[in-house]
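J.: my_file.txt (compact mmCIF, C-alpha atoms) pasted underneath:
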# COMPACT_ATOMS: atom_id res chain seq x y z
CA MET I 1 -272.49 89.92 -63.94
CA GLU I 2 -269.91 88.58 -66.42
CA THR I 3 -267.61 91.02 -68.21
CA ARG I 4 -266.20 90.35 -71.63
CA LEU I 5 -262.41 90.92 -71.70
CA GLU I 6 -260.50 91.94 -74.81
CA VAL I 7 -256.83 90.93 -74.53
CA ARG I 8 -254.63 92.69 -77.01
CA LEU I 9 -250.82 92.28 -77.04
CA ARG I 10 -248.77 95.40 -77.67
CA GLU I 11 -246.59 93.65 -80.27
CA PRO I 12 -247.79 90.13 -81.09
CA ASN I 13 -245.20 89.50 -83.85
CA PRO I 14 -242.02 91.45 -83.04
CA LEU I 15 -239.72 89.20 -85.13
CA PHE I 16 -241.75 89.46 -88.34
CA THR I 17 -242.20 93.19 -87.79
CA ARG I 18 -238.46 93.72 -87.47
CA TRP I 19 -237.78 91.81 -90.68
CA LEU I 20 -240.40 93.74 -92.66
CA GLU I 21 -239.07 97.06 -91.41
CA ARG I 22 -235.56 96.04 -92.53
CA TRP I 23 -236.78 94.95 -95.97
CA LEU I 24 -238.84 98.13 -96.32
CA ARG I 25 -235.79 100.33 -95.57
CA GLU I 26 -233.74 98.47 -98.18
CA ALA I 27 -236.52 98.78 -100.79
CA GLU I 28 -236.87 102.52 -100.13
CA ARG I 29 -233.08 103.01 -100.38
CA ARG I 30 -232.97 101.18 -103.71
CA GLN I 31 -236.21 102.83 -104.94
CA GLN I 32 -237.75 99.44 -105.64
CA ARG I 33 -241.45 99.09 -106.52
CA SER I 34 -241.91 96.45 -103.84
CA GLN I 35 -241.76 99.15 -101.15
CA HIS I 36 -245.50 99.85 -101.54
CA LYS I 37 -246.45 96.21 -100.95
CA LEU I 38 -244.03 95.97 -98.03
CA ARG I 39 -245.46 99.10 -96.42
CA GLN I 40 -249.00 97.74 -96.83
CA ALA I 41 -247.98 94.37 -95.37
CA LEU I 42 -246.22 96.06 -92.44
CA GLU I 43 -249.31 98.09 -91.55
CA ALA I 44 -251.50 94.97 -91.71
CA LEU I 45 -249.07 93.02 -89.54
CA LYS I 46 -248.99 95.72 -86.87
CA SER I 47 -252.81 95.82 -86.80
CA TYR I 48 -253.19 92.04 -86.44
CA PRO I 49 -253.73 91.21 -82.71
CA LEU I 50 -252.69 87.53 -82.66
CA PRO I 51 -249.27 85.89 -82.91
CA LEU I 52 -248.23 84.29 -86.22
CA TYR I 53 -245.84 81.35 -86.43
CA CYS I 54 -244.84 81.06 -90.10
CA GLY I 55 -245.08 82.76 -93.47
CA ARG I 56 -248.10 80.70 -94.42
CA ASP I 57 -250.01 82.16 -91.44
CA CYS I 58 -249.30 85.66 -92.78
CA ALA I 59 -251.16 84.91 -96.02
CA VAL I 60 -254.44 85.97 -94.39
CA LEU I 61 -253.18 89.55 -94.10
CA ARG I 62 -253.36 92.21 -96.74
CA GLY I 63 -250.17 92.75 -98.73
CA PHE I 64 -248.70 89.30 -98.06
CA GLY I 65 -248.27 87.51 -101.35
CA GLY I 66 -246.67 84.18 -102.03
CA THR I 67 -243.17 85.64 -102.49
CA LEU I 68 -243.24 87.60 -99.24
CA CYS I 69 -244.51 84.57 -97.30
CA GLN I 70 -241.64 82.48 -98.72
CA LEU I 71 -239.12 85.16 -97.68
CA ILE I 72 -240.47 85.06 -94.14
CA ASP I 73 -240.24 81.25 -94.04
CA GLU I 74 -236.63 81.34 -95.30
CA GLU I 75 -235.70 84.01 -92.76
CA LEU I 76 -237.45 81.99 -90.07
CA ARG I 77 -235.48 78.83 -90.97
CA GLN I 78 -232.22 80.73 -90.82
CA HIS I 79 -233.25 82.20 -87.48
CA ARG I 80 -234.11 78.84 -85.99
CA GLY I 81 -231.28 76.97 -87.65
CA ALA I 82 -231.83 73.28 -88.06
CA THR I 83 -234.26 72.90 -85.11
CA ALA I 84 -237.83 71.73 -85.63
CA GLU I 85 -240.59 74.29 -85.98
CA THR I 86 -242.97 72.73 -83.50
CA GLN I 87 -240.97 73.47 -80.40
CA PRO I 88 -240.76 77.26 -80.82
CA ALA I 89 -244.41 77.39 -81.89
CA ALA I 90 -245.49 75.51 -78.77
CA ALA I 91 -243.31 77.75 -76.62
CA ALA I 92 -244.80 80.87 -78.20
CA THR I 93 -248.33 79.51 -77.70
CA ALA I 94 -247.65 78.73 -74.04
CA GLN I 95 -246.19 82.20 -73.54
CA TYR I 96 -249.22 83.80 -75.18
CA GLU I 97 -251.67 81.83 -73.03
CA GLN I 98 -249.69 82.73 -69.91
CA GLN I 99 -249.85 86.41 -70.81
CA VAL I 100 -253.62 86.15 -71.39
CA GLN I 101 -254.16 84.51 -67.99
CA GLN I 102 -252.12 87.23 -66.31
CA VAL I 103 -254.19 89.95 -67.98
CA VAL I 104 -257.49 88.25 -67.06
CA LYS I 105 -256.40 87.85 -63.44
CA ALA I 106 -255.33 91.48 -63.22
CA VAL I 107 -258.64 92.71 -64.68
CA GLN I 108 -260.68 90.52 -62.32
CA GLU I 109 -258.79 91.80 -59.29
CA LYS I 110 -259.30 95.37 -60.46
CA GLN I 111 -263.07 94.79 -60.94
CA LEU I 112 -263.32 93.18 -57.51
CA GLN I 113 -261.68 96.17 -55.87
CA LYS I 114 -263.94 98.52 -57.82
CA ALA I 115 -267.05 96.57 -56.77
CA LYS I 116 -266.04 96.84 -53.12
CA LYS I 117 -265.58 100.59 -53.39
CA CYS I 118 -268.65 101.39 -55.50
CA PRO I 119 -272.18 100.79 -54.15
CA ALA I 120 -274.49 98.32 -55.88
CA LYS I 121 -276.20 99.63 -58.99
CA LYS I 122 -279.74 100.74 -58.30
CA PRO I 123 -282.26 98.54 -60.16
CA THR I 124 -284.52 100.15 -62.74
CA LYS I 125 -288.10 101.05 -61.98
CA LYS I 126 -289.33 98.17 -64.15
CA ALA I 127 -287.13 95.69 -62.31
CA GLN I 128 -288.35 97.03 -58.96
CA LEU I 129 -291.99 96.60 -60.05
CA GLU I 130 -291.35 93.05 -61.28
CA GLN I 131 -289.59 92.13 -58.05
CA ALA I 132 -292.41 93.65 -55.98
CA ALA I 133 -295.02 91.75 -58.01
CA ALA I 134 -293.15 88.48 -57.54
CA GLU I 135 -292.85 89.05 -53.79
CA GLU I 136 -296.55 89.91 -53.59
CA ARG I 137 -297.51 86.66 -55.31
CA GLU I 138 -295.39 84.68 -52.88
CA ARG I 139 -296.70 86.48 -49.79
CA VAL I 140 -299.27 84.46 -47.84
CA VAL I 141 -302.41 86.34 -46.79
CA GLU I 142 -304.30 85.28 -43.66
CA MET I 143 -307.78 86.53 -42.77
CA LEU I 144 -309.33 85.68 -39.44
CA PRO I 145 -313.10 85.15 -39.09
CA GLY I 146 -314.97 88.47 -39.04
CA SER I 147 -311.90 90.52 -40.07
CA PHE I 148 -312.99 91.01 -43.69
CA GLU I 149 -315.90 92.19 -45.78
CA VAL I 150 -317.50 90.44 -48.76
CA LEU I 151 -317.69 92.71 -51.80
CA LEU I 152 -319.22 92.21 -55.23
CA LEU I 153 -316.94 93.21 -58.14
CA VAL I 154 -318.64 94.37 -61.34
CA ASP I 155 -316.79 94.40 -64.63
CA THR I 156 -316.51 97.79 -66.32
CA GLN I 157 -318.18 96.34 -69.43
CA GLU I 158 -321.34 95.96 -67.37
CA THR I 159 -321.53 99.70 -66.63
CA SER I 160 -320.46 101.23 -69.95
CA GLY I 161 -320.95 100.42 -73.58
CA LYS I 162 -323.06 101.16 -76.62
CA ASN I 163 -326.41 100.98 -74.80
CA LYS I 164 -325.26 103.04 -71.83
CA ARG I 165 -328.77 103.74 -70.54
CA VAL I 166 -329.47 100.05 -69.99
CA LEU I 167 -326.00 99.17 -68.75
CA ASP I 168 -325.93 102.01 -66.22
CA GLN I 169 -328.94 100.39 -64.56
CA THR I 170 -326.58 97.76 -63.13
CA ARG I 171 -325.14 100.14 -60.56
CA SER I 172 -328.44 101.84 -59.76
CA TYR I 173 -330.19 98.50 -59.20
CA LEU I 174 -327.37 97.20 -56.98
CA GLN I 175 -327.40 100.41 -54.93
CA SER I 176 -331.16 100.26 -54.47
CA LEU I 177 -330.86 96.64 -53.32
CA GLY I 178 -328.16 97.54 -50.79
CA ALA I 179 -325.50 95.32 -52.40
CA GLU I 180 -321.96 96.41 -51.56
CA HIS I 181 -320.15 96.51 -54.88
CA GLU I 182 -317.23 98.04 -56.71
CA VAL I 183 -316.66 98.56 -60.43
CA ARG I 184 -313.30 97.52 -61.89
CA ARG I 185 -311.94 95.75 -64.95
CA LEU I 186 -312.16 91.96 -64.82
CA THR I 187 -310.19 89.76 -67.20
CA VAL I 188 -312.65 86.89 -66.89
CA GLY I 189 -316.37 86.86 -66.06
CA ASP I 190 -318.72 89.78 -65.39
CA PHE I 191 -319.25 89.46 -61.63
CA LEU I 192 -317.34 87.87 -58.77
CA TRP I 193 -317.04 88.28 -55.00
CA ILE I 194 -313.93 89.05 -52.97
CA ALA I 195 -313.05 89.07 -49.28
CA ARG I 196 -311.13 92.25 -48.37
CA ASP I 197 -309.54 92.97 -45.01
CA ALA I 198 -308.50 96.25 -43.40
CA ASP I 199 -305.00 96.05 -44.95
CA GLY I 200 -306.43 95.93 -48.47
CA ASN I 201 -305.66 92.26 -49.11
CA GLU I 202 -308.16 90.67 -51.49
CA LEU I 203 -309.05 86.99 -51.86
CA VAL I 204 -311.52 85.76 -54.49
CA LEU I 205 -314.47 83.67 -53.31
CA PRO I 206 -314.92 80.53 -55.44
CA TYR I 207 -317.88 81.85 -57.47
CA ILE I 208 -317.87 83.70 -60.78
CA VAL I 209 -320.83 84.88 -62.89
CA GLU I 210 -321.05 85.44 -66.64
CA ARG I 211 -324.17 87.46 -67.50
CA LYS I 212 -325.75 87.14 -70.93
CA ARG I 213 -328.96 88.30 -72.48
CA MET I 214 -330.59 85.83 -74.84
CA ASP I 215 -329.76 87.88 -77.96
CA ASP I 216 -326.14 88.22 -76.79
CA LEU I 217 -326.03 84.47 -76.20
CA ALA I 218 -327.15 83.85 -79.79
CA SER I 219 -324.55 86.28 -81.09
CA SER I 220 -321.74 84.68 -79.07
CA ILE I 221 -322.68 81.22 -80.36
CA ARG I 222 -322.62 82.42 -83.96
CA ASP I 223 -319.19 84.07 -83.76
CA GLY I 224 -317.57 81.40 -81.53
CA ARG I 225 -317.19 83.53 -78.39
CA PHE I 226 -319.48 81.23 -76.40
CA HIS I 227 -317.10 78.23 -76.48
CA GLU I 228 -314.02 80.42 -75.95
CA GLN I 229 -315.61 82.10 -72.90
CA LYS I 230 -316.64 78.74 -71.45
CA HIS I 231 -313.09 77.50 -71.82
CA ARG I 232 -311.59 80.57 -70.11
CA LEU I 233 -314.13 80.41 -67.27
CA ARG I 234 -313.35 76.74 -66.62
CA GLN I 235 -309.60 77.44 -66.70
CA CYS I 236 -309.64 80.50 -64.41
CA GLY I 237 -309.33 78.44 -61.21
CA LEU I 238 -312.70 79.28 -59.62
CA PRO I 239 -314.69 76.06 -59.22
CA HIS I 240 -318.24 77.44 -59.31
CA VAL I 241 -319.10 79.01 -62.69
CA ILE I 242 -322.57 80.50 -63.11
CA TYR I 243 -324.23 81.59 -66.35
CA LEU I 244 -326.83 84.28 -65.59
CA ILE I 245 -329.18 84.30 -68.59
CA GLU I 246 -331.72 87.12 -69.04
CA ASP I 247 -334.77 86.86 -71.25
CA TYR I 248 -334.93 89.32 -74.15
CA GLY I 249 -338.56 90.37 -74.24
CA ASP I 250 -340.52 87.43 -75.58
CA ASN I 251 -337.29 85.82 -76.81
CA GLU I 252 -338.19 86.41 -80.43
CA GLN I 253 -335.90 87.52 -83.27
CA LEU I 254 -332.80 86.42 -81.40
CA GLY I 255 -330.81 85.43 -84.47
CA LEU I 256 -331.00 81.71 -83.63
CA PRO I 257 -333.94 79.44 -82.82
CA LEU I 258 -334.86 79.43 -79.14
CA ASP I 259 -334.58 75.65 -79.02
CA SER I 260 -330.95 75.89 -80.18
CA LEU I 261 -330.15 78.35 -77.39
CA LEU I 262 -331.81 76.17 -74.76
CA GLN I 263 -329.88 73.16 -76.05
CA ALA I 264 -326.60 75.12 -75.78
CA LEU I 265 -327.42 76.01 -72.16
CA ALA I 266 -328.30 72.40 -71.38
CA ASN I 267 -324.98 71.26 -72.86
CA ALA I 268 -323.16 73.84 -70.74
CA ARG I 269 -324.91 72.53 -67.61
CA ILE I 270 -324.45 68.81 -68.28
CA GLN I 271 -321.16 68.59 -70.18
CA SER I 272 -319.23 71.53 -68.71
CA GLY I 273 -320.67 71.49 -65.19
CA ILE I 274 -321.70 75.17 -65.41
CA GLN I 275 -324.68 76.29 -63.34
CA VAL I 276 -327.29 78.08 -65.46
CA VAL I 277 -329.66 80.61 -63.85
CA ARG I 278 -332.40 82.24 -65.92
CA THR I 279 -334.08 85.52 -65.01
CA GLU I 280 -336.91 87.54 -66.52
CA ASN I 281 -335.06 90.84 -66.91
CA HIS I 282 -332.07 92.91 -65.83
CA TYR I 283 -333.57 93.88 -62.48
CA ARG I 284 -334.20 90.24 -61.55
CA SER I 285 -330.58 89.47 -62.40
CA MET I 286 -329.38 92.15 -60.01
CA CYS I 287 -331.75 90.79 -57.34
CA TYR I 288 -330.13 87.38 -57.80
CA LEU I 289 -326.63 88.86 -57.41
CA ALA I 290 -327.64 90.83 -54.31
CA GLY I 291 -329.15 87.72 -52.71
CA MET I 292 -326.10 85.66 -53.68
CA GLY I 293 -323.86 88.26 -52.03
CA ARG I 294 -325.81 88.11 -48.75
CA ALA I 295 -325.64 84.31 -48.75
CA LEU I 296 -321.87 84.32 -49.35
CA HIS I 297 -321.41 86.88 -46.58
CA GLN I 298 -323.16 84.61 -44.09
CA LEU I 299 -321.32 81.54 -45.37
CA PHE I 300 -317.75 82.88 -45.33
CA LEU I 301 -317.79 85.46 -42.52
CA SER I 302 -317.19 82.79 -39.88
CA LYS I 303 -314.37 81.09 -41.82
CA SER I 304 -310.63 81.59 -41.63
CA LEU I 305 -309.25 82.40 -45.10
CA HIS I 306 -305.73 82.16 -46.50
CA SER I 307 -304.18 82.62 -49.93
CA VAL I 308 -303.09 79.68 -52.11
CA ASP I 309 -301.99 79.29 -55.72
CA ARG I 310 -304.15 77.71 -58.38
CA ALA I 311 -302.43 74.33 -58.15
CA ALA I 312 -303.28 74.06 -54.45
CA LEU I 313 -307.01 74.69 -54.93
CA GLY I 314 -307.75 71.11 -55.83
CA VAL I 315 -311.15 69.72 -56.75
CA PRO I 316 -314.13 71.40 -55.05
CA SER I 317 -316.19 69.24 -52.73
CA ALA I 318 -319.21 69.57 -50.49
CA SER I 319 -316.95 69.76 -47.43
CA CYS I 320 -315.76 73.23 -48.46
CA LEU I 321 -319.08 74.61 -47.20
CA THR I 322 -318.48 73.24 -43.71
CA ASP I 323 -314.71 73.69 -43.44
CA ARG I 324 -313.64 76.36 -40.97
CA ARG I 325 -310.53 77.20 -42.98
CA MET I 326 -310.42 77.76 -46.75
CA GLY I 327 -307.69 78.51 -49.27
CA LEU I 328 -308.58 81.11 -51.94
CA LEU I 329 -306.88 82.79 -54.87
CA LYS I 330 -305.58 86.32 -54.64
CA PHE I 331 -307.45 88.76 -56.87
CA ARG I 332 -304.23 90.03 -58.48
CA ALA I 333 -303.15 86.49 -59.33
CA LEU I 334 -306.55 85.74 -60.90
CA TYR I 335 -306.47 89.01 -62.83
CA GLU I 336 -303.02 88.40 -64.30
CA ASP I 337 -303.38 84.67 -65.00
CA SER I 338 -306.80 85.03 -66.69
CA ALA I 339 -305.84 87.90 -69.00
CA LYS I 340 -306.25 87.10 -72.69
CA ASN I 341 -302.66 88.12 -73.37
CA ALA I 342 -301.30 85.95 -70.55
CA GLN I 343 -298.72 83.33 -71.48
CA LEU I 344 -300.54 80.25 -72.77
CA THR I 345 -299.23 76.78 -73.42
CA VAL I 346 -299.23 75.38 -76.95
CA ARG I 347 -302.04 73.03 -75.91
CA GLU I 348 -304.25 75.93 -74.74
CA VAL I 349 -303.61 77.92 -77.91
CA PHE I 350 -304.42 74.82 -79.97
CA VAL I 351 -307.77 74.46 -78.16
CA GLN I 352 -308.64 78.11 -78.79
CA GLN I 353 -307.69 77.74 -82.43
CA LEU I 354 -309.93 74.68 -82.85
CA LEU I 355 -312.86 76.47 -81.23
CA GLN I 356 -312.81 79.05 -84.02
CA LEU I 357 -313.69 76.39 -86.59
CA HIS I 358 -317.32 75.80 -87.47
CA SER I 359 -319.10 73.00 -85.54
CA LEU I 360 -316.08 72.40 -83.26
CA SER I 361 -317.47 72.32 -79.72
CA MET I 362 -315.38 72.31 -76.55
CA ASP I 363 -315.73 68.53 -76.12
CA ARG I 364 -314.63 67.88 -79.67
CA ALA I 365 -311.69 70.25 -79.39
CA LEU I 366 -310.56 68.67 -76.11
CA ALA I 367 -310.84 65.18 -77.61
CA ILE I 368 -308.58 66.21 -80.51
CA VAL I 369 -306.05 67.88 -78.20
CA GLU I 370 -306.07 64.84 -75.90
CA ARG I 371 -304.92 62.68 -78.82
CA TYR I 372 -302.70 65.31 -80.51
CA PRO I 373 -301.60 67.93 -77.94
CA THR I 374 -299.99 70.23 -80.54
CA PRO I 375 -300.64 71.10 -84.21
CA ARG I 376 -297.19 69.69 -85.05
CA LEU I 377 -298.21 66.24 -83.81
CA LEU I 378 -301.43 66.41 -85.82
CA LEU I 379 -299.52 67.38 -88.97
CA ASP I 380 -297.05 64.54 -88.39
CA ALA I 381 -299.97 62.12 -88.06
CA TYR I 382 -301.34 63.39 -91.38
CA ALA I 383 -297.93 62.97 -92.99
CA SER I 384 -297.62 59.38 -91.75
CA CYS I 385 -300.84 58.37 -93.52
CA GLY I 386 -300.20 56.43 -96.71
CA GLU I 387 -302.94 58.04 -98.80
CA GLN I 388 -304.73 61.36 -98.75
CA GLU I 389 -308.11 59.70 -98.24
CA GLN I 390 -306.76 57.93 -95.17
CA ALA I 391 -305.55 61.26 -93.79
CA ARG I 392 -308.95 62.87 -94.41
CA ARG I 393 -310.60 60.14 -92.28
CA LEU I 394 -307.91 60.16 -89.56
CA LEU I 395 -310.07 61.87 -86.92
CA ALA I 396 -313.44 60.45 -87.96
CA GLY I 397 -313.50 57.72 -85.29
CA LEU I 398 -312.28 59.94 -82.45
CA THR I 399 -314.80 59.75 -79.57
CA CYS I 400 -315.90 63.01 -77.93
CA GLY I 401 -317.78 63.97 -74.77
CA ALA I 402 -319.45 61.92 -72.09
CA LEU I 403 -321.53 60.01 -74.67
CA GLU I 404 -318.35 59.14 -76.64
CA ARG I 405 -319.83 60.03 -80.00
CA PRO I 406 -317.45 59.89 -82.99
CA LEU I 407 -316.22 63.11 -84.50
CA GLY I 408 -317.50 62.10 -87.93
CA GLU I 409 -316.06 62.07 -91.43
CA LYS I 410 -317.31 65.55 -92.37
CA LEU I 411 -315.49 67.31 -89.51
CA SER I 412 -312.44 65.12 -90.03
CA GLN I 413 -312.28 66.18 -93.68
CA CYS I 414 -312.74 69.85 -92.75
CA LEU I 415 -309.88 69.67 -90.26
CA TYR I 416 -307.61 67.99 -92.82
CA ASP I 417 -308.48 70.61 -95.45
CA PHE I 418 -307.68 73.38 -92.96
CA TYR I 419 -304.41 72.07 -91.53
CA GLY I 420 -303.30 70.41 -94.76
CA SER I 421 -303.58 73.60 -96.84
CA GLU I 422 -300.50 75.61 -97.75
CA PHE I 423 -301.14 79.25 -96.96
CA ARG I 424 -299.50 81.66 -99.37
Could I get this structure in the form of structure tokens?
T.:
Amino acid sequence: METRLEVRLREPNPLFTRWLERWLREAERRQQRSQHKLRQALEALKSYPLPLYCGRDCAVLRGFGGTLCQLIDEELRQHRGATAETQPAAAATAQYEQQVQQVVKAVQEKQLQKAKKCPAKKPTKKAQLEQAAAEERERVVEMLPGSFEVLLLVDTQETSGKNKRVLDQTRSYLQSLGAEHEVRRLTVGDFLWIARDADGNELVLPYIVERKRMDDLASSIRDGRFHEQKHRLRQCGLPHVIYLIEDYGDNEQLGLPLDSLLQALANARIQSGIQVVRTENHYRSMCYLAGMGRALHQLFLSKSLHSVDRAALGVPSASCLTDRRMGLLKFRALYEDSAKNAQLTVREVFVQQLLQLHSLSMDRALAIVERYPTPRLLLDAYASCGEQEQARRLLAGLTCGALERPLGEKLSQCLYDFYGSEFR
């Protein structure tokens, strides 16, 4: 840890001080009015911590007028005789620097001796927790075949809420179906499975489920949550994302036409690679989760598992079902990295911002960010356009999605109006 040193000479300007004291005594003896200015200048000179080399340098101090500075220069010339001024100034500077180096060296030796005698300062509780969290993320977890259990994690939002009577059925249904589960807060998704060993280490199996009722699906599409949730699920690091969609009675009065909801689910399946599973009611959804848990237990119980980071997961393939050894994310790492308040890149924030705009789907937002990774680059592109009409059509020809359809002039104009406006 670096220490800031303050070097202060006991008497930086002894010659000037001696002259001022002599002039002050003469002014007091003669009862001259200049004694007040000389006393003020003497106090300022004694308080100044740096060496001064001429009368002109003293002009920065209080009480030193033009006449007093000239007197100092004349006295200085008489003191030096006919020699040049540069030589004594350089000598004084070298002496000052030498004194500073001696003081710094003495302080450093004293601090070194003090550090050897005193024990190391105990880190704060916050620093200890941060260090422990960093060590935990770096620690590699190994699970041998048969040394762990497969457990279903249920988000707390699935067991509490406004309609508590319906939501509490989640736990009762899972218990009646014999599904081993645990309720805790999840930062992404509603259900996922973990492998937990006897030491309490937890690795996340590569499957995550987002449960939605048809009326909730319509509501999330209207307010933009649907695209934002899809983006977060795809970015969480788990390769197999499942949308569990429950019918809402006869699927009437949902807030959006049923055909629009089915089209949104088809787009999620084809364009985003999300598996969509539809069930008749809440009980059937829990039956699906219980059956999925039993299948994962049989699939992974004979495998050797170890922890990896998100970058090492790679692209999922069919061979992962037959591999005897698999790398999985730690639950704590998934929890922290998928939190909404986690540190995001400018590109990720830009995508989330675009998704809040009307008619901006995930494919369209990704196409815009692929061309202009940050809002600054998009604004610079607008500024480089010669005319406003050209800027309004800048994004119209941008191709989006697997079908490479153009973004269109209407959306391009809306984006220009939004980012080109001056907010006051």
J.: With only C-alpha atoms as the basis for distance, which of I:Val277, I:Val351, I:Leu329, I:Val141 is at the shortest distance from I:Ala311?
T.: I:Leu329
J.: Name the closest residue to I:Leu357 among the candidates I:Arg376, I:His227, I:Arg62, I:His282; distances are taken between atoms, counting all atoms listed in the file.
T.: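 Of I:Arg376, I:His227, I:Arg62, I:His282, the one nearest I:Leu357 is I:His227, counting all atoms listed in the file.
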J.: Please determine, counting all atoms listed in the file, which residue among I:Cys400, I:Arg234, I:Gln388, I:Ser359 has the shortest atom-to-atom distance to I:Gly420.
T.: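 Nearest candidate to I:Gly420 out of I:Cys400, I:Arg234, I:Gln388, I:Ser359: I:Gln388.
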J.: Write out as JSON, numbers by chain the residues lying within 7 Å of I:Met326, counting all atoms listed in the file and excluding same-chain residues fewer than 3 positions away.
T.: {"I": [304, 305, 306, 323]}
J.: When you draw a straight line from atom CA of I:Leu42 to atom CA of I:Asp57, how long is it in Å?
T.: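 The value is 14.4 Å.
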